[in-house]
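Undergrad: The structure follows.
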Amino acid sequence: MVTNQQECRGRSPLTGFGAAHPGDAMVGPRKFLFTLEKRGSMTTSQTTHRHSSLERAAHIALVLAHHELWYLIEILNLERFVPVHLHRSTTSDQKSPELRTQPEQLRMALEELGPTFMKLGQMLSIHADLLPPEYQREFSKLQDAAPTIPIEAVHEMITVELGQSLEDSFASFDATPLAAASIGQAHLATLQDGTEVVVKVRRPGAAEQVDEDLKLLHSLATTASHRWELANQYDVVGLVKEFDQSLRAELDYLREGHNAERFARNFATESTVQIPRMFWETTTSRVLTQERIHGIKVTDLVALDAAGIDRAALSKRGAHIFLKMVFEDGFFHADLHPGNFFIEEGGNIGLIDFGMVGIVDEQTREELGLLLSGIISQDTDRLVDAMLELGASQQPVDRTALRRDLKQLLSQFADQPLSALPLGPLLTDVLDINRRYHLVLPSNLVLLLKTTIMTEGMAVQLDPSFNIVEALTPYVERLMLQQNSPAAWARRLGKMIPDVAWLATEFPQHLRRLMGELERGTLKFDIQPTGLDPVFKRAERIANRIVLGIIVAALIVGLSMLISAYRPGVPGVWEVVLTIGLTLAGVLAIYLVWSIFRSGHH
């Protein structure tokens with residue numbers, strides 16, 4: 001009943017990877033670039049990059065139009081890339097708005113746009129503080145899968161990277177891929193000494209394609225922040241920057257190998273945890289060779305029972321591994337989905353895939369302690385303080401309303417004992433409230449909370465009676481004691497000494513200057529009112545209508561006086577003047593009535 005598998009995930013066809021073919025939409029940009037090239041305004045490399053970026057932007061616009069995502073085309077300012085013959089009423093998929101929801105359409109568009117955008121969707125799926133649940137559920141379906149790399153390309157990559165033929169590096173090499181992901185592909189192999197290994201080879205051109213897409217994403221994020229208020233509030237530019245750093249780290253297999261070795265050192269005394277060994281002689285930034293893990297998939301409950309594995313003990317062991325990573329090591333596996341767990345004979349746990357990791361520094365640990373202590377103790381005020389302290393917002397937050405919503409949420413679990421508190425669903429609801437108040441939590445903390453939810457989900461699947469709060473409570477209590485211990489306060493006071501010293505020496509001088517300016521009457525305060533723009537704009541519209549009404553009234557009165565002095569029927573220049581004047585007055589009057597009527601409906 002033991003299976004031999006690593007990194008097996010769902011597969012879905014992937015299109016749109018590589019060069020785009022935008023067709024007629026690129027005629028204008030290409031002509032413009034050709035003019036710049038002739039003038040010598042751009043170097044050859046700059047021109048090539050610009051061509052590629054424009055083609056990719058046009059491809060993105062076409063994919064979004066195909067999936068009826070016109071609101072995104074407008075937000076990202078991609079309208080000019082959509083061909084004239086393609087508009088809302090003539091898209092190729094007429095039935096998609098009726099058959100698919102908007103989250104489904106967006107998920108399908110991300111799949112079609114290729115690896116970078118699929119990774120972006122996966123990253124967004126963990127941000128419950130940014131996306132509604134329906135988008136999170138849909139984006140979580142995005143699988144890191146891609147068409148297989150031809151075996152000839154794999155052989156060539158290994159030969160170039162290792163500086164020797166594949167036969168000299170490996171005694172055997174399975175041509176059939178174990179898994180094909182967007183960034184790389186995995187193959188089973190054996191070393192010359194017979195050791196079974198898994199060899200991951202980075203997809204040719206993946207780094208270049210990701211680099212091009214990331215540069216374009218930075219530009220699109222900046223555009224969206226100027227054209228969409230929510231994008232600015234949620235700091236999409238900062239999110240893209242963090243995504244850029246995370247994805248570039250995944251491209252480097254050397255970093256993944258060092259991550260694995262760090263986990264191996266952290267769990268060196270844990271005999272029940274196995275981390276695959278790295279083989280550096282056959283590892284580079286584009287080829288990774290690691291020990292093969294044999295085991296049962298953690299979701300195969302029938303096989304686990306047949307192997308005599310105690311699932312209750314296994315769920316507690318898995319939770320302990322995660323909590324040790326967070327609270328003791330400060331370095332956690334940030335992609336703990338079932339495909340990265342393998343249960344060996346005897347119930348030992350094997351972990352793989354260390355490309356995505358999280359760091360729990362002192363600040364993140366304090367933030368987590370505040371949040372979890374508020375939830376576990378069901379202290380509404382402490383939870384409100386934690387959320388307001390952790391969450392960044394571009395607009396004022398109604399503390400009373402936030403406290404009311406959190407109190408209502410916690411009241412649902414008030415009668416339940418601590419051992420029955422469902423932390424995962426509770427955290428999900430807290431993050432949903434966070435999103436409603438436009439509070440953006442630190443990305444590392446969100447990643448940690450999402451991993452906590454995933455860990456609890458797997459543990460409960462193994463043992464329905466498992467409750468992560470029982471396992472978590474001792475860690476949180478220990479953390480709160482550490483943060484409030486005499487040693488911790490001594491460290492805080494030590495950090496304050498330079499500030500206190502500066503205040504003692506500099507404050508009297510600054511106070512004397514302030515009092516002097518106050519006595520001389522030269523003290524000035526610069527007040528910048530915020531939040532009054534809508535009021536000013538409305539007042540400006542009202543003033544414009546008043547002025548327009550006065551102009552219309554003046555035209556009508558003036559024309560009436562001319563008509564009274566002029567006898568109709570006598571041809572002349574005044575007849576033309578009166579005709580133009582009456583027409584203009586009528587048009588302005590109609591526009592004035594229409595604008596007032598429209599504003600009343602808004």
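By order in the structure tokens, chains are A, B, ...; within a chain, residues start at 1; ligands start at 1, following the order shown.
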Mind checking which residues fall within 7 Å of A:Val357, counting only C-alpha atoms, ignoring those fewer than 3 positions away in the same chain, and posting them as an NGL selection string?
TA: :A and (332-334 or 354)
Undergrad: Go ahead and write the residues just picked, all heavy atoms, as a short mmCIF file (atom, residue, chain, number, x, y, z; two decimals), in the first residue's frame.
TA:
```cif
data_model
loop_
_atom_site.label_atom_id
_atom_site.label_comp_id
_atom_site.auth_asym_id
_atom_site.auth_seq_id
_atom_site.Cartn_x
_atom_site.Cartn_y
_atom_site.Cartn_z
N PHE A 332 9.12 28.59 8.50
CA PHE A 332 8.08 27.60 8.26
C PHE A 332 7.86 27.33 6.77
O PHE A 332 8.11 28.19 5.92
CB PHE A 332 6.75 28.02 8.91
CG PHE A 332 6.10 29.25 8.31
CD1 PHE A 332 5.10 29.14 7.35
CD2 PHE A 332 6.49 30.52 8.72
CE1 PHE A 332 4.50 30.27 6.82
CE2 PHE A 332 5.89 31.64 8.20
CZ PHE A 332 4.90 31.52 7.24
N HIS A 333 7.44 26.11 6.51
CA HIS A 333 7.07 25.68 5.15
C HIS A 333 5.74 26.34 4.82
O HIS A 333 4.74 26.12 5.48
CB HIS A 333 6.94 24.15 5.14
CG HIS A 333 6.86 23.54 3.78
ND1 HIS A 333 5.96 23.93 2.82
CD2 HIS A 333 7.61 22.55 3.21
CE1 HIS A 333 6.13 23.20 1.73
NE2 HIS A 333 7.12 22.36 1.93
N ALA A 334 5.74 27.18 3.77
CA ALA A 334 4.54 27.99 3.49
C ALA A 334 3.65 27.36 2.43
O ALA A 334 2.73 28.03 1.94
CB ALA A 334 4.97 29.39 3.04
N PHE A 354 10.41 22.88 -1.01
CA PHE A 354 10.75 23.96 -0.08
C PHE A 354 10.99 25.28 -0.80
O PHE A 354 11.77 26.11 -0.35
CB PHE A 354 11.98 23.57 0.73
CG PHE A 354 11.82 22.24 1.43
CD1 PHE A 354 12.30 21.08 0.87
CD2 PHE A 354 11.15 22.17 2.64
CE1 PHE A 354 12.14 19.86 1.49
CE2 PHE A 354 10.98 20.96 3.28
CZ PHE A 354 11.48 19.79 2.71
#
```
Undergrad: List the neighbours of A:Ser443 out to 9 Å using only C-alpha atoms; skip same-chain residues closer than 2 positions along the sequence, and give me the result as a PDB file with C-alpha atoms, in the first residue's frame.
TA:
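Result written to selection-v7.pdb:
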```pdb
ATOM      1  CA  HIS A 127      -5.311  36.664   0.942  1.00  0.00           C
ATOM      2  CA  LEU A 239       1.585  43.346  -3.423  1.00  0.00           C
ATOM      3  CA  GLU A 242       6.205  41.093  -2.783  1.00  0.00           C
ATOM      4  CA  VAL A 440      -4.407  44.981   4.938  1.00  0.00           C
ATOM      5  CA  LEU A 441      -2.383  42.658   7.172  1.00  0.00           C
ATOM      6  CA  LEU A 445       1.356  37.171   8.693  1.00  0.00           C
ATOM      7  CA  VAL A 446      -1.404  36.401   6.175  1.00  0.00           C
ATOM      8  CA  LEU A 447       0.720  33.580   4.749  1.00  0.00           C
ATOM      9  CA  LEU A 448       1.232  32.226   8.252  1.00  0.00           C
TER      10      LEU A 448
END
```
Undergrad: Mind the document's chain letters and residue numbers, and return as JSON, numbers by chain the residues of stretch 358-500 of chain A that DSSP labels alpha helix (DSSP H).
TA: {"A": [362, 363, 364, 365, 366, 367, 368, 369, 370, 371, 372, 373, 374, 375, 376, 380, 381, 382, 383, 384, 385, 386, 387, 388, 389, 390, 399, 400, 401, 402, 403, 404, 405, 406, 407, 408, 409, 410, 411, 423, 424, 425, 426, 427, 428, 429, 430, 431, 432, 433, 434, 435, 436, 443, 444, 445, 446, 447, 448, 449, 450, 451, 452, 453, 454, 455, 456, 457, 458, 459, 460, 461, 462, 468, 469, 470, 471, 472, 473, 474, 475, 476, 477, 478, 479, 480, 481, 482, 483, 486, 487, 488, 489, 490, 491, 492, 493, 494, 495, 496, 497, 498, 499, 500]}
Undergrad: So, with only C-alpha atoms as the atoms that count, which of A:Val287, A:Ala57, A:Leu368, A:Met458 lies closest to A:Leu216?
TA: A:Ala57
Undergrad: Report as a list in words all protein, DNA and RNA residues lying within 8 Å of A:Pro422, evaluated on only C-alpha atoms, omitting residues in the same chain fewer than 2 positions from it.
TA: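 Listing them by chain and then by number gives Ala420, Gly424, Pro425, Leu426, Asn467, Ile468 and Val469 of chain A.
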Undergrad: Restricted to N, CA, C and O atoms, what would the selected residues look like written as a CSV table (one decimal), in the first residue's frame?
TA:
```csv
chain,number,residue,atom,x,y,z
A,420,ALA,N,-13.1,22.9,21.8
A,420,ALA,CA,-14.0,22.7,20.7
A,420,ALA,C,-14.0,23.9,19.7
A,420,ALA,O,-14.8,24.0,18.8
A,424,GLY,N,-9.7,27.3,12.4
A,424,GLY,CA,-9.7,27.6,11.0
A,424,GLY,C,-10.8,28.5,10.5
A,424,GLY,O,-10.6,29.5,9.9
A,425,PRO,N,-12.1,28.0,10.7
A,425,PRO,CA,-13.2,28.8,10.3
A,425,PRO,C,-13.3,30.2,11.0
A,425,PRO,O,-13.7,31.2,10.4
A,426,LEU,N,-12.8,30.2,12.2
A,426,LEU,CA,-12.8,31.5,13.0
A,426,LEU,C,-11.8,32.5,12.4
A,426,LEU,O,-12.1,33.7,12.2
A,467,ASN,N,-8.4,19.1,17.5
A,467,ASN,CA,-8.6,20.5,17.6
A,467,ASN,C,-7.3,21.2,17.8
A,467,ASN,O,-6.5,20.9,18.8
A,468,ILE,N,-7.0,22.1,16.9
A,468,ILE,CA,-5.6,22.7,16.9
A,468,ILE,C,-5.5,23.7,18.0
A,468,ILE,O,-4.3,24.0,18.4
A,469,VAL,N,-6.6,24.2,18.6
A,469,VAL,CA,-6.5,25.2,19.7
A,469,VAL,C,-5.8,24.5,20.9
A,469,VAL,O,-5.0,25.2,21.6
```
Undergrad: Work out how far atom CA of A:Leu372 is from atom CA of A:Pro133, in Å to one decimal.
TA: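 Rounded to one decimal, the two atoms are 21.5 Å apart.
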Undergrad: Please report the interatomic distance between atom CA of A:Gln105 and atom CA of A:Leu72 in Å with one decimal.
TA: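 It comes out at 11.6 Å.
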Undergrad: Rounded to one decimal in Å, what is the spacing between atom CA of A:Ala207 and atom CA of A:Ile75?
TA: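 Distance between the two atoms: 27.5 Å.
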Undergrad: Which residues are close to A:Gly121, i.e. within 10 Å by only C-alpha atoms, leaving aside same-chain residues fewer than 6 positions away? Reply as a list in words.
TA: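 Surrounding residues, per the criterion: Leu106, Arg107, Leu110, Glu111, Pro115, Tyr135, Gln136, Glu138, Phe139, Ser140, Lys141, Leu142 and Gln143 of chain A.
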Undergrad: For the structure I just gave you, how does DSSP split stretch 123-287 of chain A - specifically, which residues are strand (DSSP E)? Reply as a PyMOL selection string.
TA: chain A and resi 172-173+179-180+184-190+196-202+273-274+287
Undergrad: Would you save the residues from that selection as a short mmCIF file (atom, residue, chain, number, x, y, z; two decimals), in the first residue's frame, using all heavy atoms?
TA:
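Output contents, as saved in result36.cif:
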```cif
data_model
loop_
_atom_site.label_atom_id
_atom_site.label_comp_id
_atom_site.auth_asym_id
_atom_site.auth_seq_id
_atom_site.Cartn_x
_atom_site.Cartn_y
_atom_site.Cartn_z
N SER A 172 20.72 5.99 -14.00
CA SER A 172 19.46 5.82 -14.74
C SER A 172 18.66 7.10 -14.63
O SER A 172 18.79 7.85 -13.65
CB SER A 172 18.65 4.64 -14.20
OG SER A 172 18.20 4.91 -12.88
N PHE A 173 17.83 7.33 -15.65
CA PHE A 173 17.02 8.55 -15.67
C PHE A 173 15.72 8.23 -16.39
O PHE A 173 15.72 7.84 -17.57
CB PHE A 173 17.77 9.67 -16.42
CG PHE A 173 17.17 11.03 -16.25
CD1 PHE A 173 17.57 11.86 -15.22
CD2 PHE A 173 16.18 11.48 -17.13
CE1 PHE A 173 17.02 13.12 -15.05
CE2 PHE A 173 15.62 12.73 -16.97
CZ PHE A 173 16.03 13.56 -15.94
N ALA A 179 6.27 14.77 -12.56
CA ALA A 179 5.34 15.90 -12.48
C ALA A 179 5.86 17.01 -13.38
O ALA A 179 7.07 17.17 -13.55
CB ALA A 179 5.21 16.41 -11.04
N ALA A 180 4.93 17.76 -13.96
CA ALA A 180 5.30 18.90 -14.81
C ALA A 180 4.60 20.14 -14.28
O ALA A 180 3.37 20.23 -14.35
CB ALA A 180 4.91 18.65 -16.26
N GLY A 184 9.11 24.14 -13.41
CA GLY A 184 10.03 23.05 -13.68
C GLY A 184 9.33 21.72 -13.85
O GLY A 184 8.10 21.62 -13.79
N GLN A 185 10.14 20.69 -14.07
CA GLN A 185 9.64 19.34 -14.30
C GLN A 185 10.49 18.37 -13.49
O GLN A 185 11.70 18.54 -13.39
CB GLN A 185 9.72 19.02 -15.79
CG GLN A 185 9.16 17.68 -16.20
CD GLN A 185 8.95 17.60 -17.70
OE1 GLN A 185 8.07 18.27 -18.23
NE2 GLN A 185 9.75 16.80 -18.38
N ALA A 186 9.86 17.35 -12.91
CA ALA A 186 10.56 16.40 -12.04
C ALA A 186 10.65 15.03 -12.71
O ALA A 186 9.69 14.57 -13.35
CB ALA A 186 9.85 16.30 -10.70
N HIS A 187 11.81 14.37 -12.56
CA HIS A 187 12.04 13.03 -13.09
C HIS A 187 12.66 12.16 -12.01
O HIS A 187 13.44 12.64 -11.18
CB HIS A 187 13.00 13.08 -14.29
CG HIS A 187 12.40 13.71 -15.51
ND1 HIS A 187 11.88 12.98 -16.55
CD2 HIS A 187 12.25 15.02 -15.86
CE1 HIS A 187 11.43 13.81 -17.50
NE2 HIS A 187 11.65 15.05 -17.09
N LEU A 188 12.31 10.88 -12.03
CA LEU A 188 12.96 9.91 -11.16
C LEU A 188 14.30 9.51 -11.77
O LEU A 188 14.42 9.40 -13.00
CB LEU A 188 12.08 8.69 -10.97
CG LEU A 188 10.74 8.90 -10.24
CD1 LEU A 188 9.95 7.60 -10.22
CD2 LEU A 188 10.97 9.40 -8.84
N ALA A 189 15.30 9.31 -10.91
CA ALA A 189 16.62 8.92 -11.40
C ALA A 189 17.36 8.19 -10.28
O ALA A 189 16.89 8.14 -9.14
CB ALA A 189 17.41 10.15 -11.85
N THR A 190 18.50 7.62 -10.63
CA THR A 190 19.39 7.02 -9.63
C THR A 190 20.80 7.55 -9.86
O THR A 190 21.22 7.77 -11.01
CB THR A 190 19.40 5.49 -9.71
OG1 THR A 190 19.77 5.09 -11.04
CG2 THR A 190 18.05 4.91 -9.37
N GLU A 196 18.39 6.46 -4.96
CA GLU A 196 17.23 6.94 -5.70
C GLU A 196 17.01 8.43 -5.41
O GLU A 196 17.01 8.85 -4.25
CB GLU A 196 15.97 6.16 -5.28
CG GLU A 196 15.98 4.70 -5.70
CD GLU A 196 14.69 4.01 -5.33
OE1 GLU A 196 14.10 4.36 -4.28
OE2 GLU A 196 14.25 3.13 -6.09
N VAL A 197 16.84 9.19 -6.48
CA VAL A 197 16.69 10.64 -6.34
C VAL A 197 15.56 11.13 -7.23
O VAL A 197 15.07 10.41 -8.11
CB VAL A 197 17.99 11.38 -6.71
CG1 VAL A 197 19.10 11.06 -5.74
CG2 VAL A 197 18.40 11.08 -8.15
N VAL A 198 15.17 12.38 -6.98
CA VAL A 198 14.25 13.10 -7.85
C VAL A 198 15.01 14.30 -8.40
O VAL A 198 15.62 15.06 -7.63
CB VAL A 198 12.99 13.57 -7.08
CG1 VAL A 198 12.14 14.47 -7.97
CG2 VAL A 198 12.18 12.37 -6.61
N VAL A 199 14.99 14.46 -9.71
CA VAL A 199 15.71 15.55 -10.37
C VAL A 199 14.69 16.55 -10.91
O VAL A 199 13.81 16.18 -11.71
CB VAL A 199 16.59 15.03 -11.52
CG1 VAL A 199 17.35 16.18 -12.18
CG2 VAL A 199 17.56 13.97 -11.02
N LYS A 200 14.80 17.78 -10.46
CA LYS A 200 13.93 18.85 -10.94
C LYS A 200 14.72 19.71 -11.92
O LYS A 200 15.82 20.16 -11.62
CB LYS A 200 13.43 19.70 -9.78
CG LYS A 200 12.50 18.94 -8.83
CD LYS A 200 12.17 19.75 -7.59
CE LYS A 200 11.33 20.95 -7.90
NZ LYS A 200 10.88 21.65 -6.66
N VAL A 201 14.13 19.93 -13.09
CA VAL A 201 14.78 20.71 -14.14
C VAL A 201 13.90 21.91 -14.45
O VAL A 201 12.69 21.76 -14.70
CB VAL A 201 14.98 19.87 -15.41
CG1 VAL A 201 15.66 20.70 -16.50
CG2 VAL A 201 15.80 18.62 -15.11
N ARG A 202 14.50 23.10 -14.42
CA ARG A 202 13.72 24.31 -14.70
C ARG A 202 13.34 24.36 -16.17
O ARG A 202 14.14 24.01 -17.04
CB ARG A 202 14.50 25.56 -14.31
CG ARG A 202 13.62 26.79 -14.19
CD ARG A 202 14.37 27.93 -13.55
NE ARG A 202 15.32 28.54 -14.49
CZ ARG A 202 16.22 29.46 -14.15
NH1 ARG A 202 16.33 29.83 -12.89
NH2 ARG A 202 17.03 29.97 -15.04
N VAL A 273 10.48 12.96 11.57
CA VAL A 273 10.38 13.87 10.42
C VAL A 273 11.54 13.61 9.48
O VAL A 273 12.70 13.55 9.91
CB VAL A 273 10.40 15.35 10.87
CG1 VAL A 273 10.29 16.28 9.66
CG2 VAL A 273 9.26 15.62 11.85
N GLN A 274 11.24 13.45 8.21
CA GLN A 274 12.30 13.24 7.22
C GLN A 274 12.28 14.38 6.20
O GLN A 274 11.26 14.65 5.57
CB GLN A 274 12.15 11.90 6.50
CG GLN A 274 13.30 11.66 5.51
CD GLN A 274 13.21 10.32 4.82
OE1 GLN A 274 12.30 9.54 5.08
NE2 GLN A 274 14.14 10.05 3.91
N VAL A 287 18.92 23.11 -12.00
CA VAL A 287 18.75 21.66 -11.83
C VAL A 287 18.90 21.36 -10.34
O VAL A 287 19.87 21.78 -9.71
CB VAL A 287 19.79 20.88 -12.64
CG1 VAL A 287 19.67 19.38 -12.34
CG2 VAL A 287 19.62 21.13 -14.13
#
```
Undergrad: Pick out the residues sitting within 12 Å of A:Glu208, and hand them over as number ranges by chain; count only C-alpha atoms, and ignore anything fewer than 2 positions along from it in its own chain.
TA: A: 17-19, 49, 52, 115-116, 183, 202-206, 210-215, 248, 251
Undergrad: Between A:Leu76, A:Ala312, A:Val82, A:Ala153, which is the closest to A:Ala221 once you count only C-alpha atoms?
TA: A:Leu76
Undergrad: Would you please work out which residue, of A:Asp361, A:Tyr437, A:Lys450, A:Glu104, is nearest to A:Ser125 when using only C-alpha atoms?
TA: A:Lys450
